[in-house]
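The structure file query-v1.cif is reproduced below (mmCIF, C-alpha atoms and all ligand atoms).
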data_protein
loop_
_atom_site.label_atom_id
_atom_site.label_comp_id
_atom_site.auth_asym_id
_atom_site.auth_seq_id
_atom_site.Cartn_x
_atom_site.Cartn_y
_atom_site.Cartn_z
CA MET A 1 15.92 -10.48 26.24
CA SER A 2 13.04 -8.73 24.54
CA LYS A 3 13.51 -7.23 21.09
CA GLN A 4 12.68 -3.57 20.66
CA ILE A 5 10.60 -2.49 17.67
CA LEU A 6 10.23 1.24 17.12
CA VAL A 7 7.00 2.12 15.31
CA LEU A 8 6.85 5.42 13.40
CA PRO A 9 3.38 5.84 11.87
CA GLY A 10 4.22 9.17 10.18
CA ASP A 11 1.76 11.30 8.22
CA GLY A 12 -1.30 11.06 6.00
CA ILE A 13 -2.56 7.50 5.79
CA GLY A 14 0.48 6.42 7.87
CA PRO A 15 -1.34 6.14 11.22
CA GLU A 16 -4.30 4.27 9.63
CA ILE A 17 -2.26 1.63 7.85
CA MET A 18 0.11 1.32 10.80
CA ALA A 19 -2.76 0.55 13.19
CA GLU A 20 -3.53 -2.52 11.06
CA ALA A 21 0.09 -3.58 10.69
CA VAL A 22 0.54 -3.31 14.47
CA LYS A 23 -2.47 -5.61 15.02
CA VAL A 24 -0.82 -8.18 12.78
CA LEU A 25 2.58 -7.71 14.42
CA GLN A 26 1.11 -8.10 17.90
CA LEU A 27 -0.70 -11.27 16.93
CA ALA A 28 2.49 -12.71 15.37
CA ASN A 29 4.36 -11.64 18.51
CA ALA A 30 2.01 -13.67 20.72
CA LYS A 31 1.45 -16.59 18.36
CA TYR A 32 5.11 -17.22 17.66
CA SER A 33 6.48 -16.04 21.05
CA LEU A 34 8.72 -13.48 19.40
CA GLY A 35 9.35 -11.42 22.54
CA PHE A 36 8.90 -8.10 20.76
CA GLU A 37 8.34 -4.91 22.72
CA LEU A 38 6.82 -2.06 20.70
CA SER A 39 7.36 1.63 21.27
CA PHE A 40 5.98 4.53 19.25
CA ASP A 41 7.33 7.88 18.09
CA GLU A 42 6.91 10.44 15.30
CA LEU A 43 8.67 11.07 11.99
CA GLY A 44 8.08 13.58 9.21
CA GLY A 45 5.35 16.16 9.46
CA ALA A 46 3.99 14.65 12.67
CA ALA A 47 7.45 15.05 14.19
CA TYR A 48 7.66 18.63 12.93
CA ASP A 49 4.35 19.37 14.67
CA LYS A 50 5.47 17.75 17.91
CA TYR A 51 9.21 18.51 18.08
CA GLY A 52 9.69 21.31 15.50
CA VAL A 53 11.93 19.09 13.36
CA PRO A 54 11.09 16.15 11.03
CA LEU A 55 13.40 13.82 12.99
CA ALA A 56 14.10 14.67 16.62
CA ASP A 57 17.44 13.69 18.19
CA GLU A 58 15.64 11.62 20.80
CA THR A 59 13.74 9.75 18.08
CA LEU A 60 16.99 9.07 16.25
CA ALA A 61 18.52 7.78 19.49
CA ARG A 62 15.51 5.49 19.99
CA ALA A 63 15.86 4.28 16.40
CA ARG A 64 19.54 3.52 16.97
CA ALA A 65 18.74 1.57 20.12
CA ALA A 66 15.87 -0.39 18.53
CA ASP A 67 16.38 -3.79 16.91
CA ALA A 68 14.13 -2.83 13.99
CA ILE A 69 11.93 0.05 12.88
CA LEU A 70 8.51 -0.07 11.28
CA LEU A 71 7.57 3.07 9.38
CA GLY A 72 4.31 4.24 7.79
CA ALA A 73 4.78 7.16 5.39
CA VAL A 74 5.74 10.82 5.58
CA GLY A 75 4.77 14.09 3.93
CA GLY A 76 1.70 16.06 2.95
CA PRO A 77 0.48 19.46 1.75
CA LYS A 78 0.23 20.72 5.32
CA TRP A 79 4.04 20.98 5.42
CA ASP A 80 4.65 22.06 1.80
CA ALA A 81 5.37 25.66 2.68
CA ILE A 82 7.94 25.11 5.43
CA GLU A 83 11.62 25.64 4.70
CA PRO A 84 13.20 22.79 2.69
CA ALA A 85 15.50 21.63 5.49
CA LEU A 86 12.50 20.96 7.77
CA ARG A 87 10.26 19.22 5.26
CA PRO A 88 8.92 15.80 6.35
CA GLU A 89 10.98 14.02 3.65
CA ARG A 90 14.20 15.35 5.22
CA GLY A 91 13.38 13.35 8.35
CA LEU A 92 13.11 10.17 6.30
CA LEU A 93 16.35 10.84 4.44
CA LYS A 94 18.12 11.64 7.70
CA ILE A 95 17.06 8.46 9.46
CA ARG A 96 18.11 6.38 6.42
CA SER A 97 21.46 8.08 6.27
CA GLN A 98 22.19 8.27 10.02
CA LEU A 99 21.42 4.58 10.50
CA GLY A 100 23.45 3.61 7.43
CA LEU A 101 20.47 1.88 5.80
CA PHE A 102 22.12 1.70 2.40
CA ALA A 103 20.37 -1.37 1.00
CA ASN A 104 16.75 -0.89 0.03
CA LEU A 105 14.96 -4.06 -1.04
CA ARG A 106 11.76 -3.47 -2.99
CA PRO A 107 10.07 -6.64 -4.18
CA ALA A 108 7.44 -6.40 -6.91
CA ILE A 109 5.43 -9.60 -6.72
CA LEU A 110 2.15 -10.14 -8.47
CA TYR A 111 -0.35 -11.97 -6.34
CA PRO A 112 -2.17 -14.19 -8.86
CA GLN A 113 -5.48 -13.01 -7.37
CA LEU A 114 -4.67 -9.47 -8.54
CA ALA A 115 -3.72 -10.18 -12.16
CA ASP A 116 -6.69 -8.17 -13.39
CA ALA A 117 -5.79 -5.17 -11.21
CA SER A 118 -2.57 -4.62 -13.18
CA SER A 119 -2.66 -2.08 -15.97
CA LEU A 120 -0.76 -4.59 -18.13
CA LYS A 121 -2.21 -7.70 -19.77
CA PRO A 122 -2.38 -10.68 -17.40
CA GLU A 123 -0.03 -12.75 -19.61
CA VAL A 124 2.64 -10.03 -19.38
CA VAL A 125 2.58 -9.91 -15.57
CA SER A 126 1.36 -13.31 -14.35
CA GLY A 127 3.99 -14.92 -12.15
CA LEU A 128 5.92 -11.66 -11.87
CA ASP A 129 8.52 -11.71 -9.10
CA ILE A 130 11.15 -8.96 -9.29
CA LEU A 131 13.38 -7.62 -6.57
CA ILE A 132 14.71 -4.09 -6.95
CA VAL A 133 17.79 -3.40 -4.86
CA ARG A 134 18.09 0.36 -4.54
CA GLU A 135 21.13 2.16 -3.11
CA LEU A 136 19.61 4.35 -0.41
CA THR A 137 22.17 6.55 1.32
CA GLY A 138 24.21 8.00 -1.54
CA GLY A 139 23.98 9.51 -4.97
CA ILE A 140 22.09 12.62 -5.89
CA TYR A 141 19.85 12.47 -2.79
CA PHE A 142 22.79 13.32 -0.55
CA GLY A 143 25.51 14.63 -2.89
CA GLN A 144 27.26 17.89 -2.05
CA PRO A 145 27.42 20.57 -3.18
CA ARG A 146 23.80 21.33 -3.84
CA GLU A 147 22.51 24.81 -4.06
CA SER A 148 19.87 27.19 -5.32
CA LYS A 149 21.23 30.64 -6.10
CA LEU A 150 20.80 33.83 -8.00
CA LEU A 151 23.15 34.41 -10.95
CA GLU A 152 24.70 37.81 -11.59
CA ASN A 153 22.26 38.39 -14.43
CA GLY A 154 19.41 37.94 -11.96
CA GLU A 155 18.42 34.48 -13.19
CA ARG A 156 17.73 31.77 -10.59
CA MET A 157 19.71 28.54 -10.90
CA ALA A 158 20.02 25.36 -8.87
CA TYR A 159 22.06 22.18 -9.04
CA ASP A 160 22.56 18.84 -7.32
CA THR A 161 25.57 16.53 -7.35
CA LEU A 162 25.59 12.79 -8.10
CA PRO A 163 28.62 11.22 -6.39
CA TYR A 164 29.33 7.52 -5.83
CA SER A 165 32.45 6.09 -4.30
CA GLU A 166 33.79 2.69 -5.17
CA SER A 167 32.98 1.29 -1.71
CA GLU A 168 29.39 2.53 -1.85
CA ILE A 169 28.90 0.79 -5.20
CA ARG A 170 30.67 -2.38 -4.12
CA ARG A 171 28.55 -2.93 -1.01
CA ILE A 172 25.20 -2.44 -2.79
CA ALA A 173 26.38 -4.59 -5.72
CA ARG A 174 27.17 -7.36 -3.21
CA VAL A 175 23.63 -7.15 -1.83
CA GLY A 176 22.30 -7.45 -5.38
CA PHE A 177 24.45 -10.51 -6.12
CA ASP A 178 23.66 -12.12 -2.74
CA MET A 179 19.93 -11.69 -3.37
CA ALA A 180 20.19 -13.02 -6.93
CA ARG A 181 22.11 -16.04 -5.66
CA VAL A 182 19.21 -17.16 -3.47
CA ARG A 183 16.57 -16.36 -6.12
CA GLY A 184 16.73 -16.78 -9.91
CA LYS A 185 20.51 -16.19 -10.18
CA LYS A 186 20.09 -13.25 -12.57
CA LEU A 187 21.21 -9.72 -11.76
CA CYS A 188 20.58 -6.70 -13.97
CA SER A 189 22.56 -3.60 -13.02
CA VAL A 190 20.82 -0.42 -14.16
CA ASP A 191 22.80 2.74 -14.87
CA LYS A 192 23.28 5.57 -17.36
CA ALA A 193 26.87 4.74 -18.24
CA ASN A 194 26.50 6.18 -21.75
CA VAL A 195 26.27 9.65 -20.18
CA LEU A 196 27.19 9.82 -16.48
CA ALA A 197 30.67 9.47 -14.97
CA SER A 198 29.17 8.07 -11.76
CA SER A 199 27.44 5.37 -13.81
CA GLN A 200 30.68 4.49 -15.63
CA LEU A 201 32.31 3.82 -12.25
CA TRP A 202 29.17 1.98 -11.14
CA ARG A 203 29.39 -0.39 -14.11
CA ALA A 204 33.12 -1.00 -13.68
CA VAL A 205 32.78 -1.80 -9.97
CA VAL A 206 29.77 -4.08 -10.53
CA GLU A 207 31.88 -5.97 -13.11
CA GLU A 208 34.64 -6.41 -10.51
CA VAL A 209 32.24 -7.68 -7.86
CA ALA A 210 30.78 -10.11 -10.43
CA ARG A 211 34.04 -12.10 -10.37
CA ASP A 212 33.05 -13.33 -6.89
CA TYR A 213 29.69 -14.54 -8.17
CA PRO A 214 30.33 -16.78 -11.19
CA ASP A 215 27.02 -18.54 -10.49
CA VAL A 216 25.02 -15.33 -11.06
CA GLU A 217 24.32 -14.13 -14.60
CA LEU A 218 25.03 -10.39 -14.76
CA SER A 219 23.65 -7.98 -17.33
CA HIS A 220 23.79 -4.17 -17.59
CA MET A 221 21.01 -1.95 -18.84
CA TYR A 222 20.67 1.78 -19.33
CA VAL A 223 17.95 3.20 -17.13
CA ASP A 224 15.82 4.51 -20.00
CA ASN A 225 15.79 1.07 -21.59
CA ALA A 226 15.09 -0.54 -18.20
CA ALA A 227 12.06 1.71 -17.72
CA MET A 228 10.81 0.59 -21.12
CA GLN A 229 11.59 -3.11 -20.60
CA LEU A 230 9.72 -3.09 -17.27
CA VAL A 231 6.46 -2.40 -19.06
CA ARG A 232 7.31 -4.36 -22.23
CA ALA A 233 8.49 -7.66 -20.74
CA PRO A 234 8.93 -7.38 -16.97
CA LYS A 235 9.37 -11.11 -16.42
CA GLN A 236 12.85 -10.96 -17.99
CA PHE A 237 14.07 -9.52 -14.66
CA ASP A 238 14.97 -11.33 -11.46
CA VAL A 239 17.02 -8.90 -9.34
CA MET A 240 17.77 -5.34 -10.45
CA VAL A 241 20.41 -3.28 -8.65
CA THR A 242 20.59 0.46 -9.17
CA ASP A 243 21.37 3.83 -7.65
CA ASN A 244 19.23 5.91 -5.34
CA LEU A 245 17.36 8.06 -7.87
CA PHE A 246 16.93 5.41 -10.58
CA GLY A 247 15.75 2.98 -7.90
CA ASP A 248 13.21 5.47 -6.62
CA ILE A 249 11.71 5.82 -10.08
CA LEU A 250 11.92 2.21 -11.25
CA SER A 251 10.43 0.85 -8.02
CA ASP A 252 7.34 3.01 -8.42
CA GLU A 253 7.05 1.82 -12.00
CA ALA A 254 7.51 -1.83 -11.02
CA SER A 255 4.90 -1.49 -8.30
CA MET A 256 2.21 -0.65 -10.81
CA LEU A 257 2.87 -3.93 -12.63
CA THR A 258 1.51 -5.67 -9.56
CA GLY A 259 -1.78 -3.82 -9.63
CA SER A 260 -1.18 -1.27 -6.92
CA ILE A 261 1.64 0.43 -5.08
CA GLY A 262 -0.57 -0.32 -2.06
CA MET A 263 0.72 -3.91 -2.13
CA LEU A 264 4.46 -3.32 -1.99
CA PRO A 265 6.58 -3.52 1.16
CA SER A 266 10.23 -2.60 1.47
CA ALA A 267 13.21 -3.19 3.70
CA SER A 268 16.10 -0.78 4.22
CA LEU A 269 19.05 -2.59 5.75
CA ASP A 270 22.42 -1.66 7.18
CA ALA A 271 25.56 -3.77 6.95
CA ASN A 272 24.34 -5.97 9.84
CA ASN A 273 20.77 -6.47 8.62
CA LYS A 274 19.36 -4.04 11.12
CA GLY A 275 16.48 -2.58 9.23
CA MET A 276 13.70 -0.12 8.77
CA TYR A 277 10.61 -1.52 7.08
CA GLU A 278 8.05 0.57 5.25
CA PRO A 279 5.51 0.39 2.45
CA CYS A 280 6.80 1.71 -0.90
CA HIS A 281 3.86 4.06 -1.23
CA GLY A 282 3.66 7.55 0.20
CA SER A 283 1.35 9.22 2.69
CA ALA A 284 -1.51 9.66 0.16
CA PRO A 285 -2.90 12.85 1.76
CA ASP A 286 -5.85 12.80 -0.66
CA ILE A 287 -7.32 9.73 1.04
CA ALA A 288 -5.95 10.25 4.56
CA GLY A 289 -8.47 9.92 7.38
CA LYS A 290 -11.05 8.23 5.17
CA GLY A 291 -10.31 4.68 6.30
CA ILE A 292 -9.95 3.42 2.73
CA ALA A 293 -6.18 3.06 2.34
CA ASN A 294 -4.72 -0.37 1.61
CA PRO A 295 -2.81 -1.61 4.70
CA LEU A 296 -1.34 -4.66 2.94
CA ALA A 297 2.00 -3.06 1.97
CA THR A 298 2.62 -2.19 5.62
CA ILE A 299 1.44 -5.61 6.78
CA LEU A 300 3.80 -7.21 4.26
CA SER A 301 6.55 -4.92 5.59
CA VAL A 302 6.01 -6.62 8.96
CA SER A 303 6.65 -9.91 7.20
CA MET A 304 9.91 -8.55 5.74
CA LEU A 305 10.90 -7.31 9.21
CA LEU A 306 10.45 -10.80 10.64
CA ARG A 307 12.34 -12.38 7.75
CA TYR A 308 15.32 -10.05 7.36
CA SER A 309 16.00 -8.69 10.85
CA PHE A 310 14.99 -11.70 12.94
CA SER A 311 15.12 -14.73 10.60
CA GLN A 312 11.60 -15.63 11.78
CA VAL A 313 10.82 -17.41 8.53
CA VAL A 314 7.77 -19.31 9.78
CA ALA A 315 6.04 -16.20 11.10
CA ALA A 316 7.02 -14.20 7.99
CA ASP A 317 5.65 -16.88 5.67
CA ALA A 318 2.45 -17.08 7.72
CA ILE A 319 1.75 -13.36 7.31
CA GLU A 320 2.24 -13.60 3.55
CA ARG A 321 -0.05 -16.62 3.48
CA ALA A 322 -2.66 -14.73 5.53
CA VAL A 323 -2.59 -11.87 3.00
CA SER A 324 -3.02 -14.36 0.18
CA LEU A 325 -5.98 -15.99 1.97
CA VAL A 326 -7.70 -12.66 2.38
CA LEU A 327 -7.26 -11.97 -1.33
CA ASP A 328 -8.70 -15.45 -2.01
CA GLN A 329 -11.74 -14.42 0.03
CA GLY A 330 -12.27 -11.65 -2.52
CA LEU A 331 -11.61 -8.78 -0.11
CA ARG A 332 -10.17 -5.68 -1.82
CA THR A 333 -9.46 -2.11 -0.83
CA GLY A 334 -10.39 0.46 -3.48
CA ASP A 335 -6.95 0.54 -5.12
CA ILE A 336 -7.05 -3.18 -5.98
CA TRP A 337 -10.80 -3.59 -6.38
CA SER A 338 -12.28 -5.05 -9.55
CA ALA A 339 -15.81 -6.05 -10.49
CA GLY A 340 -17.22 -8.97 -8.52
CA LYS A 341 -14.94 -8.43 -5.51
CA THR A 342 -15.88 -7.16 -2.06
CA LYS A 343 -14.73 -3.62 -1.39
CA VAL A 344 -13.49 -3.13 2.19
CA GLY A 345 -11.84 -0.34 4.15
CA THR A 346 -8.48 -0.22 5.92
CA ALA A 347 -9.60 -1.66 9.27
CA ALA A 348 -11.72 -4.42 7.76
CA MET A 349 -8.77 -5.48 5.62
CA GLY A 350 -6.46 -5.49 8.65
CA ASP A 351 -8.98 -7.46 10.71
CA ALA A 352 -9.35 -10.02 7.94
CA VAL A 353 -5.57 -10.56 7.84
CA VAL A 354 -5.53 -10.93 11.63
CA GLU A 355 -8.32 -13.54 11.43
CA ALA A 356 -6.54 -15.40 8.63
CA LEU A 357 -3.26 -15.40 10.57
CA ARG A 358 -5.04 -16.64 13.67
CA SER A 359 -6.46 -19.55 11.67
CA LEU A 360 -3.07 -20.72 10.35
C1 LIG A 401 10.51 6.55 -1.47
C2 LIG A 401 9.99 7.96 -1.41
C3 LIG A 401 11.05 8.85 -0.80
C4 LIG A 401 12.27 8.80 -1.69
C5 LIG A 401 10.60 10.30 -0.56
C6 LIG A 401 9.38 10.38 0.31
C7 LIG A 401 11.72 11.15 0.01
O1 LIG A 401 9.62 8.38 -2.69
O2 LIG A 401 10.81 5.99 -0.39
O3 LIG A 401 10.61 6.00 -2.56
O4 LIG A 401 12.36 9.53 -2.69
O5 LIG A 401 13.15 8.00 -1.40
MG MG A 402 9.71 6.86 -4.16
#
Go ahead and render the structure in this file as structure tokens.
Ligand code: IPM
Ligand code: MG
Amino acid sequence: MSKQILVLPGDGIGPEIMAEAVKVLQLANAKYSLGFELSFDELGGAAYDKYGVPLADETLARARAADAILLGAVGGPKWDAIEPALRPERGLLKIRSQLGLFANLRPAILYPQLADASSLKPEVVSGLDILIVRELTGGIYFGQPRESKLLENGERMAYDTLPYSESEIRRIARVGFDMARVRGKKLCSVDKANVLASSQLWRAVVEEVARDYPDVELSHMYVDNAAMQLVRAPKQFDVMVTDNLFGDILSDEASMLTGSIGMLPSASLDANNKGMYEPCHGSAPDIAGKGIANPLATILSVSMLLRYSFSQVVAADAIERAVSLVLDQGLRTGDIWSAGKTKVGTAAMGDAVVEALRSL
């Protein structure tokens, strides 16, 4: 039976980078006889324009029925003024939550060819290979109550709530330990247990889960220190597991260690490894439509899709190898360009990866 892949290009540079990722996916589909059938729909601002909501019920139903989802990026100034509940980002949060995609894997790997694109010294980042495991369907992103209101004295006030239940912490901690087990066997749990009640529970539950993983070395770090350590000595980390908000922030920080957020893919998985795959970067409205965005994070998201949802290790490895070959050829989009390299646009980069994959 064919496997259904739902493609949601989204907003901003989303459609441009997705066009390239789809070329690569289609080639892999043919080359490795994967039996994938692709269908397309809208999410975010594009969905608001088409359906009047950032995630239409029919799109959600299609996403539920699909075997995996490939997503570009959502958001942009065009939709800044609409009411908060209809903003493009709400569509993204809703699809994550409705599909139970609680485990967000964000690798930060430095391609050796890009060592000079990092803002840190090459010796600090060379060989960097970190995996951030971010809890994605709980915490302050979804906590209730949340409210903006007017106080009696006429002052405006607003608040959010940061809840975590034991089971939510346990299942993401398990993902962290499982990932560490097949990598460098080191897990750093990041929290703010010196201040937050939710973090104190987080730490206690992670400790309990650790008893099942005696082969993994567990450490705990406060999030402020972790942010500092990531730029001081990032190679001390193997796998980091953390909550939704801390993971959002730390994964952006970690991405810069690798030269550009334009290189980083991600996977958001449910309890059965059904997943949605997307680049870590946003919709970059400032460069949308110019054909200069880096498609590699989305192309590498295709590789993660093959690896995590379909166990197609050979095809997944081949795509990563094709990306590496293209970097060897000296091709660079603007975000990863450095003197002496060949600057190319989005489509030329995608075509080069397709050619490299074809040659493997
Ligand atoms: C991310 C993004 C999203 C998030 C936004 C677009 C809602 O920053 O995937 O990291 O905060 O989760
Ligand atoms: Mg983010």
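With all atoms listed in the file as the basis for measurement, A:Leu114 is the residue among A:Leu201, A:Val206, A:Leu114, A:Val182 that approaches A:Leu331 most closely.
The space separating atom CA of A:Asp270 from atom CA of A:Ala103 comes to 6.5 Å.
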Point (11.7, -2.8, 17.2), cut-off 7 Å, counting all atoms listed in the file, residues as a count of residues only
11
Please write out the residues within 6 Å of ligand LIG 401 (chain A) as a list in words, counting all atoms listed in the file.
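Going residue by residue within 6 Å of ligand LIG 401 (chain A), we get Glu89, Asp248 and Cys280 of chain A.
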Closest to A:Ala63 among A:Pro214, A:Met276, A:Leu128, A:Glu152, using only C-alpha atoms?
A:Met276
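For the choices A:Gly76, A:Gly262, A:Gly35, A:Gly44, the atom-to-atom distance to A:Asp335 is smallest for A:Gly262 when using all atoms listed in the file.
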Counting all atoms listed in the file, the option among A:Asn29, A:Gln329, A:Thr298, A:Ser118 closest to A:Gln312
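Among the listed residues, A:Asn29 lies closest to A:Gln312.
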Counting only C-alpha atoms, which residue out of A:Ser126, A:Leu27, A:Ser338, A:Ala19 sits closest to A:Ser359?
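Looking only at the distances to A:Ser359, the closest residue turns out to be A:Leu27.
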Neighbourhood query: residues within 7 Å of (-7.8, 0.8, 1.9), file coordinates, counting all atoms listed in the file; return as JSON, numbers by chain.
{"A": [291, 292, 293, 294, 295, 333, 334, 344, 345, 346]}
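Compared by their closest atoms to ligand MG 402 (chain A), and using all atoms listed in the file, the residues A:Leu101, A:Val24, A:Met157, A:Leu250 rank with A:Leu250 nearest.
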As an exercise, work out the distance from atom CA of A:Gly350 to atom CA of A:Met304 in Å and give it to one decimal place.
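Atom CA of A:Met304 lies at a distance of 16.9 Å from atom CA of A:Gly350.
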Name the residues, by chain letter and number, that sit within 10 Å of ligand MG 402 (chain A) using all atoms listed in the file, and give them as a VMD selection string.
chain A and resid 244 to 253 280 to 282
Correct to one decimal, the distance atom CA of A:Leu162-atom CA of A:Met240 is 19.9 Å
